[in-house]
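Asker: Here it is, the structure, as structure tokens.
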Amino acid sequence: MFRFLFGRLGLLIPTFFGVTLVAFSFIRLLPGDPLDLLAGERGISPERKAQLLEQMGFDQPLWRQYIDYIAGIFQGDLGTSFASKKPVLDEFMTLFPATAELALCAIILAVCLGIPAGIYAAVKRGSIADQAVMGTALIGYSMPIFWWGLLLIILFSGILQWTPVSGRISLLYFFPQPTGFMLIDSLLSGEKGAFLSAVRHLILPSIVLATIPLAVIARQTRSAMLEVLGEDYVRTARAKGLPPRSVIGLHALRNALIPVVTTIGLQVGVLLAGAILTETIFSWPGIGKWLVDSISRRDYFVVQGGLLLIAGIIMLVNLIVDVLYGLINPRIRYN
Amino acid sequence: MTKTSPAAKADTFRLEMESRNATRAQLSEFWYYFSQNKGAVLGLMVFSLLVLVAIFAPFVAPHNPDVQYRDSFLVPPVWEEGGKAAFLLGTDAVGRDMLSRLIFGARFSLFIGVVVVSIALVGGIVLGLIAGYVRGAVDTFIMRVMDIILAFPSLLLALVLVAILGPGLVNAMIAIALVLQPHFVRLTRAAVMAERSRDYVVAAKVAGAGHFRLMFKTILPNCLAPLIVQATLSFSNAILDAAALGFLGMGAQPPTPEWGTMLAEAREFILRAWWVVTFPGLAILITVLAINLVGDGLRDALDPKLKRS
């Protein structure tokens, strides 16, 4: 098991350095001088520019800059936001819980609906119910989620007025946020109605963000389940006279879930990409919106840091999934 | 120079006919399985219709997509109260006909799909063939680079690339192609590695085929099935990603009637004029859905494992 774990870690190291290289090159590949970009249209005097260049290390040779950059990363220094003058890592840490909360709600929704839907479709293979579930899943999979979000806003916020249009909680509430997770903090605050407000703000974005993972998980569960249901041991279990519930729930599901776990792990990238769109539509103050805003206001150190952190998260989650996969499926460990 | 005898000529002719017949038989077998899937056939029909509409857009569209009718801002669709027969799906905030813009938008979306998939496919096949055929350090290097690309969420990487290249449709297409490419590289490489040690490849090598011939003529045709399926899926992904970039203001720029860009322009009117938001998104959904239906059908028809069951 340890060999397996270290093998996987070993594979990650070159990828990690590659990712740092991408983030490092990003600022240097931008058209024009980074400082001219930062200075904007007002311009900057040559002396001040030289001073800033030196201060930021841009006057060093590239390899030197890269080494300094890597050294900075290991000390938690990802640069400073030009707009807010705060360290990029600090900004990320304050905004990340919002995205994490949204993404967690979305993935929970996707798993809780997607796996039962997939099982149901597989068991009722070929029926109208199967076709309906799979048809819906294909629509979900094909959905431009930014449009889907707008439609939900028109219906639930515009016409029905059930949910708010944007933000994480009503402006009426103000309380400390020790965890950064609004659902937990609003409960801890003890303010009346705060939790409900947080839930109402969270519903639509979660649905929008869950749409594609839900569809993918339902499709994957169905096909994995169909494959397993054709296996000999399932036939044996049936022949023994076990009730269908335990054949499906115990014998088939456990093995069918193995590829589904991988699929769920792969959704992290989908969720973070989806968060960019979802947060933009619902003005959700998370890292997705932060990055889009930073790109449009040319706050490139933020983009550089965000790229690295997001890639880091995805690599970490993929590693965890790989390890989990090795735990539930011993065959993987020895290959 | 040697003259070919009539017998040898007849032989070549017979061989040619046989291989032609075999191709035809394969095609008809493929079509048999594909047409079993009603969804796939429906998807293909919708997609063909979209292609026709896109090609003949100037003849199909009732109006010029860029003309602003100053007396008709935000006219609702014809069946709604206040709708005008001249504007079947209504007009947008500056009085342009929605239907015509949607029809011309089909051109952009399909064009984006074709260009992106072509770039990603060609690049992916070449890199994947090299990686799978040469192996060793070259393989490791190519695959690590692909891992790096895959470590980023595709939309984020595309956004960043567009920030480097500058917003616009062409740059958005390049960015999306680059982001989609690793899937093709991985698939090609896996298929090449599976095929490389097969007897027919060894036979071709013994017969004196060079590396290029082995890679592109001997091995590649036998790896095409998964690539075709992936190409269809990437086609729909490309349309979605391009629309998302347009929506975020980093893709096609206004007044281009690209569907995502149209949605971005329409955002501020969502609570006042539902049609300016609904129709462009619906167009994206229908297009992507049709392509995905075809993709599912292709996968089932090309996958020998599923045929037996």
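Convention: chains lettered A, B, ... in structure tokens order; per-chain residue numbering from 1; ligands numbered from 1 as shown.
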For A:Arg254, list every protein, DNA or RNA residue within 12 Å, evaluated using only C-alpha atoms, and leave out those in the same chain fewer than 2 positions away; present the list as a PyMOL selection string.

Answerer: chain A and resi 119+221+224-225+228-229+234+246-252+256-261+328-329

Asker: For the selection you just gave me, I'd like the residues written to a file as a compact mmCIF listing (two decimals), in the first residue's frame, keeping C-alpha atoms.

Answerer:
```
# COMPACT_ATOMS: atom_id res chain seq x y z
CA ILE A 119 -29.33 2.17 -10.42
CA THR A 221 -23.77 4.42 -12.52
CA ALA A 224 -21.41 0.25 -14.46
CA MET A 225 -24.49 -1.35 -12.96
CA VAL A 228 -22.13 -5.88 -13.16
CA LEU A 229 -25.68 -7.19 -13.43
CA VAL A 234 -25.02 -11.87 -9.73
CA SER A 246 -29.99 -7.65 -1.63
CA VAL A 247 -28.73 -8.86 -5.00
CA ILE A 248 -28.70 -5.30 -6.29
CA GLY A 249 -27.84 -3.54 -3.06
CA LEU A 250 -25.18 -5.90 -1.76
CA HIS A 251 -23.69 -7.91 -4.58
CA ALA A 252 -24.01 -5.68 -7.59
CA ALA A 256 -20.57 -1.14 -9.69
CA LEU A 257 -19.59 1.77 -7.44
CA ILE A 258 -15.87 1.32 -8.07
CA PRO A 259 -15.80 3.17 -11.42
CA VAL A 260 -18.38 5.61 -10.07
CA VAL A 261 -15.98 6.70 -7.31
CA ILE A 328 -11.63 -0.44 -2.51
CA ASN A 329 -10.10 -2.29 -5.42
```

Asker: List as CSV every residue of chain B that is in contact with chain A, defined as an atom at most 9 Å from one of its atoms (using only C-alpha atoms), together with the nearest atom pair and the distance in Å rounded to one decimal, sorted by chain and then rising number.

Answerer:
```
residue,atom,partner,partner_atom,distance
B:Arg144,CA,A:Thr15,CA,6.4
B:Val145,CA,A:Gly18,CA,7.3
B:Asp147,CA,A:Thr15,CA,6.5
B:Ile148,CA,A:Thr15,CA,5.5
B:Ile149,CA,A:Val19,CA,8.1
B:Leu150,CA,A:Ala311,CA,8.9
B:Ala151,CA,A:Ala311,CA,5.3
B:Phe152,CA,A:Ala311,CA,5.1
B:Pro153,CA,A:Gly269,CA,4.9
B:Ser154,CA,A:Ala273,CA,6.8
B:Leu155,CA,A:Ala273,CA,5.5
B:Leu156,CA,A:Ala273,CA,6.2
B:Leu157,CA,A:Leu307,CA,8.1
B:Leu159,CA,A:Ile295,CA,8.2
B:Val160,CA,A:Ile295,CA,7.6
B:Leu161,CA,A:Phe26,CA,8.4
B:Ala163,CA,A:Ile295,CA,6.9
B:Ile164,CA,A:Leu30,CA,4.8
B:Leu165,CA,A:Leu30,CA,7.5
B:Gly166,CA,A:Pro31,CA,8.6
B:Ser236,CA,A:Ser142,CA,7.8
B:Asn237,CA,A:Ser142,CA,8.5
B:Leu240,CA,A:Pro144,CA,6.1
B:Asp241,CA,A:Pro144,CA,8.7
B:Ala243,CA,A:Pro144,CA,8.0
B:Ala244,CA,A:Phe146,CA,7.2
B:Phe247,CA,A:Phe146,CA,7.9
B:Leu248,CA,A:Val292,CA,8.0
B:Gly249,CA,A:Ser296,CA,8.9
B:Met250,CA,A:Ser296,CA,8.9
B:Gly260,CA,A:Trp147,CA,8.8
B:Leu263,CA,A:Trp147,CA,7.6
B:Arg267,CA,A:Leu150,CA,7.9
B:Ile270,CA,A:Ile154,CA,6.4
B:Leu271,CA,A:Gly158,CA,6.0
B:Trp274,CA,A:Ile154,CA,7.4
B:Val277,CA,A:Leu150,CA,7.6
B:Thr278,CA,A:Leu151,CA,7.1
B:Pro280,CA,A:Trp147,CA,8.6
B:Gly281,CA,A:Trp147,CA,5.5
B:Leu282,CA,A:Trp147,CA,8.4
B:Ile284,CA,A:Pro144,CA,7.0
B:Leu285,CA,A:Met143,CA,5.7
B:Ile286,CA,A:Ser142,CA,8.3
B:Thr287,CA,A:Ser142,CA,8.8
B:Val288,CA,A:Ser142,CA,5.6
B:Leu289,CA,A:Ser142,CA,5.3
B:Ala290,CA,A:Ser142,CA,9.0
B:Asn292,CA,A:Ser142,CA,7.2
B:Leu293,CA,A:Leu138,CA,7.9
```

Asker: Measuring atom to atom with only C-alpha atoms, identify which of B:Ala204, B:Leu102, B:Met17, B:Ala191 is nearest to B:Thr261.

Answerer: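 Counting only C-alpha atoms, the residue closest to B:Thr261 is B:Leu102.
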
Asker: At a cut-off of 12 Å, using only C-alpha atoms, what residues contact A:Gln65? Leave out same-chain residues fewer than 6 positions from it and give the result as a ChimeraX atom specification.

Answerer: /A:21,24-25,27-28,53-59,71-72

Asker: Which residues are near B:Ser100? Cut-off 7 Å, only C-alpha atoms, ignore same chain within fewer than 3 positions. Put them as a ChimeraX atom specification.

Answerer: /B:61-65,97,103-104

Asker: Next, the residues of the selection above should be written as a PDB file, in the first residue's frame with N, CA and C atoms.

Answerer:
```pdb
ATOM      1  N   ALA B  61     -32.654  33.298 -43.231  1.00  0.00           N
ATOM      2  CA  ALA B  61     -32.937  34.324 -42.223  1.00  0.00           C
ATOM      3  C   ALA B  61     -33.853  35.398 -42.802  1.00  0.00           C
ATOM      4  N   PRO B  62     -34.900  35.761 -42.055  1.00  0.00           N
ATOM      5  CA  PRO B  62     -35.825  36.775 -42.564  1.00  0.00           C
ATOM      6  C   PRO B  62     -35.227  38.181 -42.601  1.00  0.00           C
ATOM      7  N   HIS B  63     -34.241  38.461 -41.736  1.00  0.00           N
ATOM      8  CA  HIS B  63     -33.665  39.806 -41.692  1.00  0.00           C
ATOM      9  C   HIS B  63     -32.144  39.705 -41.707  1.00  0.00           C
ATOM     10  N   ASN B  64     -31.502  40.850 -41.895  1.00  0.00           N
ATOM     11  CA  ASN B  64     -30.066  40.921 -41.688  1.00  0.00           C
ATOM     12  C   ASN B  64     -29.823  40.887 -40.174  1.00  0.00           C
ATOM     13  N   PRO B  65     -28.901  40.022 -39.701  1.00  0.00           N
ATOM     14  CA  PRO B  65     -28.755  39.869 -38.247  1.00  0.00           C
ATOM     15  C   PRO B  65     -28.221  41.116 -37.559  1.00  0.00           C
ATOM     16  N   ASP B  97     -33.452  41.369 -35.106  1.00  0.00           N
ATOM     17  CA  ASP B  97     -34.338  40.214 -35.149  1.00  0.00           C
ATOM     18  C   ASP B  97     -33.665  38.997 -34.502  1.00  0.00           C
ATOM     19  N   ILE B 103     -30.059  32.181 -36.387  1.00  0.00           N
ATOM     20  CA  ILE B 103     -29.705  31.424 -37.590  1.00  0.00           C
ATOM     21  C   ILE B 103     -28.250  31.680 -37.969  1.00  0.00           C
ATOM     22  N   PHE B 104     -27.838  32.940 -37.922  1.00  0.00           N
ATOM     23  CA  PHE B 104     -26.442  33.222 -38.232  1.00  0.00           C
ATOM     24  C   PHE B 104     -25.519  32.695 -37.134  1.00  0.00           C
TER      25      PHE B 104
END
```
